[in-house]
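Written below as structure tokens is the structure these notes are about.
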Amino acid sequence: MRLALVAGEASGDLLASLMLQGLKDRWPALHSGGIGGPRMVAQGFDAWAPAERLSVFGYVDALRRLPELLWLRRRTRLRILRERPDVFVGVDAPDFNFGLETRLRQEGLRTVHFVCPSIWAWRPERVHRLRAAADHVLCLFPFEPELLQSQGVAATYVGHPLADAISLDVDHPAARQALGFRPETHASEPLVALLPGSRRSEIRHIGPLLVASAEHLLRLRPGVRFILPVAPGLADLLQPMVQPLLNSGHLTLLDGRSHEALAAADVALVASGTATLEAALLKCPQVIVYRLSAADWQRMRRMRLQPWVGLPNVLSRAFIVPERIQDEAQPEVIAADALRWLEDAQAVRTYRAQCLELHLQLRQNTGARAAQALQELMGA
């Protein structure tokens with residue numbers, strides 16, 4: 001079995017690596033190559049270019065890097081056409097992958113898109129591009145296949161690989177201890193995780209906001225401690241932003257270990273994206289935060305189809321966690337949201353029960369389901 005894959009950014013790298021794990025159970029001699037990150041490489045993936053090359057934040061950033069991205073897409077397409085894999089799988093990154101998938105499909109290759117674009121949230125017109133691009137779509141969420149099939153797009157619900165990878169039961173005291181914080185100081189020294197995103201341009205917008213929110217929370221709850229998992233290659237960007245918290249001794253930087261941070265934390269301040277779902281699966285109370293450039297926000301706001309942005313809220317069809325987006329993303333508001341989680345034990349118990357329900361719904365053995373869908377596609 002030979003696969004070509006293109007995954008963009010840290011979240012795509014994570015999803016693709018977990019899927020590759022499952023596919024190798026079906027095809028032990030699986031060969032895969034394309035654009036991907038370190039987690040995919042750890043699964044034996046041959047990375048022709050790193051996933052971070054596809055990392056963009058908003059339309060302004062995408063336009064600035066357009067020549068580079070078009071060149072990379074053309075080079076990748078030509079290599080895939082030379083090697084003629086059994087299937088091409090585009091993992092998320094729709095603005096890059098749709099064009100690539102369409103051209104490959106026109107050349108007779110089978111194409112699969114893994115992760116349904118959020119046409120249910122905004123930009124519904126993308127379904128037309130998806131229909132032209134993909135022979136089949138592997139969907140993370142249970143309501144997506146019916147929506148796509150109504151638009152003439154073949155799709156299969158495979159669940160979310162993170163739901164398979166993360167334990168249903170989270171031992172919060174043990175996670176806290178593993179990071180060097182004593183469980184018995186939980187009440188007097190609550191832990192707050194800061195997750196400002198995985199893209200450099202995203203962190204420039206959101207990192208200072210989370211630091212200001214943390215400083216405001218310290219004034220409301222002086223005993224609080226902060227942890228910040230730093231993704232590879234981002235320490236140089238984050239260090240100057242968080243230096244005041246480091247100098248005061250209130251912040252601990254972690255080398256990666258984001259799941260451990262979320263398992264240990266009493267609350268997390270999280271940039272909207274895959275990390276919000278990770279926090280929910282790890283049963284960590286959270287405040288979802290996001291800021292775009294003014295131009296990007298005006299464009300996105302016009303195209304929104306529903307009131308929710310964060311994945312836990314979208315899946316629950318309700319605001320089970322607060323969202324502070326754009327103008328509402330003010331340090332004093334975010335700090336007050338975090339403090340409510342720290343002081344309302346009943347709200348935390350209710351939230352964790354809701355998260356367990358979501359976890360069970362998404363836990364579908366994604367690798368096995370994806371392998372079955374690919375096998376059926378090749379046999380069609």
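Quick note on naming: the chains in the structure tokens go A, B, ... in the order shown, residues restart at 1 in each chain, and ligands are numbered from 1 in order of appearance.
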Distance table requested - region 236-288 of chain A against region 345-358 of chain A, cut-off 12 Å, only C-alpha atoms: one row per qualifying residue with the closest atom pair and its distance in Å to one decimal, ordered by chain and rising residue number, as JSON lines.
{"residue": "A:Asp266", "atom": "CA", "partner": "A:Val348", "partner_atom": "CA", "distance": 9.2}
{"residue": "A:Val267", "atom": "CA", "partner": "A:Val348", "partner_atom": "CA", "distance": 9.5}
{"residue": "A:Thr276", "atom": "CA", "partner": "A:Cys355", "partner_atom": "CA", "distance": 11.4}
{"residue": "A:Leu277", "atom": "CA", "partner": "A:Cys355", "partner_atom": "CA", "distance": 9.3}
{"residue": "A:Glu278", "atom": "CA", "partner": "A:Cys355", "partner_atom": "CA", "distance": 10.4}
{"residue": "A:Ala279", "atom": "CA", "partner": "A:Cys355", "partner_atom": "CA", "distance": 9.2}
{"residue": "A:Ala280", "atom": "CA", "partner": "A:Cys355", "partner_atom": "CA", "distance": 5.5}
{"residue": "A:Leu281", "atom": "CA", "partner": "A:Cys355", "partner_atom": "CA", "distance": 6.2}
{"residue": "A:Leu282", "atom": "CA", "partner": "A:Cys355", "partner_atom": "CA", "distance": 8.2}
{"residue": "A:Lys283", "atom": "CA", "partner": "A:Arg352", "partner_atom": "CA", "distance": 5.2}
{"residue": "A:Cys284", "atom": "CA", "partner": "A:Arg352", "partner_atom": "CA", "distance": 7.5}
{"residue": "A:Pro285", "atom": "CA", "partner": "A:Val348", "partner_atom": "CA", "distance": 6.7}
{"residue": "A:Gln286", "atom": "CA", "partner": "A:Tyr351", "partner_atom": "CA", "distance": 9.8}
Pick from A:Arg73, A:His250, A:Pro142, A:Met241: nearest to Val314 (chain A), with only C-alpha atoms counted?
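Checking each of A:Arg73, A:His250, A:Pro142, A:Met241 against Val314 (chain A), counting only C-alpha atoms, the winner is A:Pro142.
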Can you tell me which residues surround region 33-40 of chain A at a distance of at most 9 Å, considering only C-alpha atoms, apart from same-chain residues fewer than 4 positions away, and format the answer as a PDB file with N, CA and C atoms, in the first residue's frame?
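That gives us around.pdb:
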ATOM      1  N   ARG A   2       0.692   2.123  -0.977  1.00  0.00           N
ATOM      2  CA  ARG A   2       1.494   3.338  -1.073  1.00  0.00           C
ATOM      3  C   ARG A   2       0.564   4.545  -1.025  1.00  0.00           C
ATOM      4  N   LEU A   3       0.839   5.416  -0.089  1.00  0.00           N
ATOM      5  CA  LEU A   3       0.030   6.617   0.103  1.00  0.00           C
ATOM      6  C   LEU A   3       0.888   7.850  -0.090  1.00  0.00           C
ATOM      7  N   ALA A   4       0.309   8.871  -0.686  1.00  0.00           N
ATOM      8  CA  ALA A   4       0.887  10.214  -0.619  1.00  0.00           C
ATOM      9  C   ALA A   4      -0.035  11.046   0.245  1.00  0.00           C
ATOM     10  N   LEU A   5       0.537  11.839   1.125  1.00  0.00           N
ATOM     11  CA  LEU A   5      -0.245  12.682   2.024  1.00  0.00           C
ATOM     12  C   LEU A   5       0.329  14.086   2.042  1.00  0.00           C
ATOM     13  N   VAL A   6      -0.556  15.056   2.231  1.00  0.00           N
ATOM     14  CA  VAL A   6      -0.140  16.427   2.522  1.00  0.00           C
ATOM     15  C   VAL A   6      -0.907  16.883   3.748  1.00  0.00           C
ATOM     16  N   ALA A   7      -0.167  17.172   4.814  1.00  0.00           N
ATOM     17  CA  ALA A   7      -0.766  17.662   6.054  1.00  0.00           C
ATOM     18  C   ALA A   7      -0.143  19.001   6.388  1.00  0.00           C
ATOM     19  N   GLY A   8      -0.966  19.967   6.733  1.00  0.00           N
ATOM     20  CA  GLY A   8      -0.468  21.289   7.070  1.00  0.00           C
ATOM     21  C   GLY A   8      -0.566  21.567   8.550  1.00  0.00           C
ATOM     22  N   GLU A   9       0.460  22.187   9.086  1.00  0.00           N
ATOM     23  CA  GLU A   9       0.469  22.681  10.461  1.00  0.00           C
ATOM     24  C   GLU A   9       0.532  21.548  11.491  1.00  0.00           C
ATOM     25  N   ALA A  10       0.658  21.933  12.755  1.00  0.00           N
ATOM     26  CA  ALA A  10       0.822  20.941  13.827  1.00  0.00           C
ATOM     27  C   ALA A  10      -0.413  20.074  13.983  1.00  0.00           C
ATOM     28  N   GLY A  12      -2.632  19.148  11.667  1.00  0.00           N
ATOM     29  CA  GLY A  12      -2.672  18.169  10.588  1.00  0.00           C
ATOM     30  C   GLY A  12      -1.650  17.072  10.782  1.00  0.00           C
ATOM     31  N   ASP A  13      -0.467  17.443  11.240  1.00  0.00           N
ATOM     32  CA  ASP A  13       0.578  16.461  11.539  1.00  0.00           C
ATOM     33  C   ASP A  13       0.094  15.468  12.589  1.00  0.00           C
ATOM     34  N   LEU A  14      -0.553  15.969  13.630  1.00  0.00           N
ATOM     35  CA  LEU A  14      -1.063  15.103  14.693  1.00  0.00           C
ATOM     36  C   LEU A  14      -2.141  14.163  14.158  1.00  0.00           C
ATOM     37  N   LEU A  15      -3.135  14.710  13.442  1.00  0.00           N
ATOM     38  CA  LEU A  15      -4.214  13.878  12.917  1.00  0.00           C
ATOM     39  C   LEU A  15      -3.681  12.815  11.966  1.00  0.00           C
ATOM     40  N   ALA A  16      -2.796  13.226  11.068  1.00  0.00           N
ATOM     41  CA  ALA A  16      -2.275  12.276  10.085  1.00  0.00           C
ATOM     42  C   ALA A  16      -1.443  11.186  10.750  1.00  0.00           C
ATOM     43  N   SER A  17      -0.665  11.540  11.762  1.00  0.00           N
ATOM     44  CA  SER A  17       0.174  10.537  12.432  1.00  0.00           C
ATOM     45  C   SER A  17      -0.685   9.488  13.133  1.00  0.00           C
ATOM     46  N   LEU A  18      -1.775   9.931  13.746  1.00  0.00           N
ATOM     47  CA  LEU A  18      -2.658   8.981  14.423  1.00  0.00           C
ATOM     48  C   LEU A  18      -3.369   8.088  13.409  1.00  0.00           C
ATOM     49  N   LEU A  20      -2.098   7.272  10.449  1.00  0.00           N
ATOM     50  CA  LEU A  20      -1.073   6.364   9.925  1.00  0.00           C
ATOM     51  C   LEU A  20      -0.848   5.179  10.853  1.00  0.00           C
ATOM     52  N   GLY A  44       7.160   6.608  10.222  1.00  0.00           N
ATOM     53  CA  GLY A  44       7.798   6.105   9.011  1.00  0.00           C
ATOM     54  C   GLY A  44       7.501   6.910   7.767  1.00  0.00           C
ATOM     55  N   PHE A  45       6.885   8.077   7.925  1.00  0.00           N
ATOM     56  CA  PHE A  45       6.518   8.928   6.793  1.00  0.00           C
ATOM     57  C   PHE A  45       7.756   9.588   6.194  1.00  0.00           C
ATOM     58  N   ASP A  46       7.831   9.622   4.864  1.00  0.00           N
ATOM     59  CA  ASP A  46       8.926  10.272   4.140  1.00  0.00           C
ATOM     60  C   ASP A  46       8.518  11.717   3.847  1.00  0.00           C
ATOM     61  N   ALA A  47       9.030  12.658   4.626  1.00  0.00           N
ATOM     62  CA  ALA A  47       8.631  14.066   4.492  1.00  0.00           C
ATOM     63  C   ALA A  47       9.465  14.748   3.416  1.00  0.00           C
ATOM     64  N   TRP A  48       8.812  15.106   2.318  1.00  0.00           N
ATOM     65  CA  TRP A  48       9.495  15.848   1.254  1.00  0.00           C
ATOM     66  C   TRP A  48       9.623  17.318   1.624  1.00  0.00           C
ATOM     67  N   ALA A  49       8.734  17.805   2.465  1.00  0.00           N
ATOM     68  CA  ALA A  49       8.774  19.187   2.964  1.00  0.00           C
ATOM     69  C   ALA A  49       8.040  19.192   4.303  1.00  0.00           C
ATOM     70  N   PRO A  50       8.403  20.096   5.223  1.00  0.00           N
ATOM     71  CA  PRO A  50       7.758  20.104   6.545  1.00  0.00           C
ATOM     72  C   PRO A  50       6.352  20.698   6.508  1.00  0.00           C
ATOM     73  N   ALA A  51       5.482  20.194   7.364  1.00  0.00           N
ATOM     74  CA  ALA A  51       4.094  20.669   7.432  1.00  0.00           C
ATOM     75  C   ALA A  51       4.015  22.160   7.716  1.00  0.00           C
ATOM     76  N   GLU A  52       4.973  22.691   8.456  1.00  0.00           N
ATOM     77  CA  GLU A  52       4.914  24.110   8.837  1.00  0.00           C
ATOM     78  C   GLU A  52       5.009  25.038   7.630  1.00  0.00           C
ATOM     79  N   ARG A  53       5.441  24.510   6.473  1.00  0.00           N
ATOM     80  CA  ARG A  53       5.490  25.345   5.261  1.00  0.00           C
ATOM     81  C   ARG A  53       4.085  25.794   4.852  1.00  0.00           C
ATOM     82  N   THR A  76       5.039  19.460  -5.488  1.00  0.00           N
ATOM     83  CA  THR A  76       4.475  18.273  -4.855  1.00  0.00           C
ATOM     84  C   THR A  76       3.623  17.478  -5.843  1.00  0.00           C
ATOM     85  N   ARG A  79       5.776  15.475  -8.311  1.00  0.00           N
ATOM     86  CA  ARG A  79       6.411  14.289  -7.718  1.00  0.00           C
ATOM     87  C   ARG A  79       5.382  13.178  -7.500  1.00  0.00           C
ATOM     88  N   ILE A  80       4.179  13.544  -7.047  1.00  0.00           N
ATOM     89  CA  ILE A  80       3.139  12.531  -6.852  1.00  0.00           C
ATOM     90  C   ILE A  80       2.781  11.871  -8.176  1.00  0.00           C
TER      91      ILE A  80
END
Would you mind listing what lies within 7 Å of region 171-175 of chain A as a CSV table (one decimal) with N, CA and C atoms, in the first residue's frame, with only C-alpha atoms counted and same-chain residues fewer than 2 positions away left out?
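Final output, selection01.csv:
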chain,number,residue,atom,x,y,z
A,169,ASP,N,-10.6,8.3,31.1
A,169,ASP,CA,-10.4,8.7,32.5
A,169,ASP,C,-9.1,9.4,32.6
A,177,GLN,N,1.3,16.0,39.5
A,177,GLN,CA,2.5,15.6,40.1
A,177,GLN,C,3.6,15.4,39.1
A,178,ALA,N,3.3,14.8,37.9
A,178,ALA,CA,4.2,14.5,36.9
A,178,ALA,C,4.9,15.8,36.4
A,179,LEU,N,4.2,16.9,36.5
A,179,LEU,CA,4.8,18.2,36.1
A,179,LEU,C,5.5,19.0,37.2
A,183,PRO,N,0.1,17.6,44.4
A,183,PRO,CA,-1.4,17.5,44.4
A,183,PRO,C,-2.1,18.2,45.6
A,260,GLU,N,-0.2,16.6,28.7
A,260,GLU,CA,0.1,16.5,30.1
A,260,GLU,C,-0.3,17.9,30.8
A,263,ALA,N,-4.1,17.9,31.1
A,263,ALA,CA,-4.5,16.9,32.1
A,263,ALA,C,-4.3,17.4,33.5
A,264,ALA,N,-3.2,18.2,33.7
A,264,ALA,CA,-2.9,18.7,35.0
A,264,ALA,C,-3.6,20.0,35.4
Which of region 159-357 of chain A end up as helix (DSSP H, G or I) when DSSP is run on this backbone - answer as a PyMOL selection string?
chain A and resi 161-165+172-178+183-185+200-220+235-247+258-264+274-281+294-303+311-316+326-328+331-343+345-357
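Here CA of Asp164 (chain A) is placed at a distance of 7.1 Å from CA of Gln364 (chain A).
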For region 244-249 of chain A: contacts at 10 Å, only C-alpha atoms, fewer than 3 positions along chain excluded, given as a PyMOL selection string
chain A and resi 211-212+214-215+218+225-226+239-241+252-253
Taking only C-alpha atoms into account, produce a table as CSV in which each residue of region 156-218 of chain A with an atom at most 7 Å from an atom of region 320-331 of chain A appears once, together with its shortest atom pair and the distance in Å to one decimal, ordered by chain and rising number.
residue,atom,partner,partner_atom,distance
A:Leu209,CA,A:Pro331,CA,6.5
A:Ala212,CA,A:Pro331,CA,5.7
A:Ser213,CA,A:Pro331,CA,4.0
A:His216,CA,A:Pro331,CA,6.5
Would you kindly return, as a PDB file with C-alpha atoms, in the first residue's frame, each protein, DNA or RNA residue with an atom no farther than 9 Å from any atom of Ala133 (chain A), considering only C-alpha atoms and excluding same-chain residues fewer than 4 positions away?
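Final output, saved to out26.pdb:
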ATOM      1  CA  ASN A  97      -5.121  20.603  -0.808  1.00  0.00           C
ATOM      2  CA  PHE A  98      -8.289  21.221  -2.831  1.00  0.00           C
ATOM      3  CA  GLY A  99      -6.356  22.534  -5.817  1.00  0.00           C
ATOM      4  CA  LEU A 100      -3.810  19.736  -5.525  1.00  0.00           C
ATOM      5  CA  GLU A 101      -6.471  17.041  -5.188  1.00  0.00           C
ATOM      6  CA  THR A 102      -8.424  18.367  -8.168  1.00  0.00           C
ATOM      7  CA  ARG A 103      -5.396  18.215 -10.467  1.00  0.00           C
ATOM      8  CA  LEU A 104      -4.386  14.755  -9.242  1.00  0.00           C
ATOM      9  CA  ARG A 105      -7.923  13.458  -9.701  1.00  0.00           C
ATOM     10  CA  GLN A 106      -7.967  14.806 -13.260  1.00  0.00           C
ATOM     11  CA  THR A 111      -8.068  11.296  -3.906  1.00  0.00           C
ATOM     12  CA  VAL A 112      -9.323  11.404  -0.329  1.00  0.00           C
ATOM     13  CA  HIS A 113      -9.776  14.452   1.867  1.00  0.00           C
ATOM     14  CA  HIS A 128     -18.378  22.721  -4.602  1.00  0.00           C
ATOM     15  CA  ARG A 129     -14.570  22.706  -4.587  1.00  0.00           C
TER      16      ARG A 129
END
Mind checking which residues fall within 6 Å of region 193-197 of chain A, counting only C-alpha atoms, ignoring those fewer than 6 positions away in the same chain, and posting them as a PyMOL selection string?
chain A and resi 203+206-207+226-228+265+268-271
Using only C-alpha atoms, please write the residues we just selected to a file, as a compact mmCIF listing (two decimals), in the first residue's frame.
# COMPACT_ATOMS: atom_id res chain seq x y z
CA ILE A 203 0.90 33.49 18.44
CA ILE A 206 -2.93 35.82 20.73
CA GLY A 207 0.19 35.31 22.88
CA PHE A 226 0.74 28.98 34.90
CA ILE A 227 2.13 26.37 32.53
CA LEU A 228 2.77 26.88 28.83
CA ALA A 265 -4.49 22.12 34.64
CA ALA A 268 -6.91 26.42 30.22
CA LEU A 269 -6.89 29.59 28.14
CA VAL A 270 -6.87 28.17 24.61
CA ALA A 271 -6.63 29.64 21.11
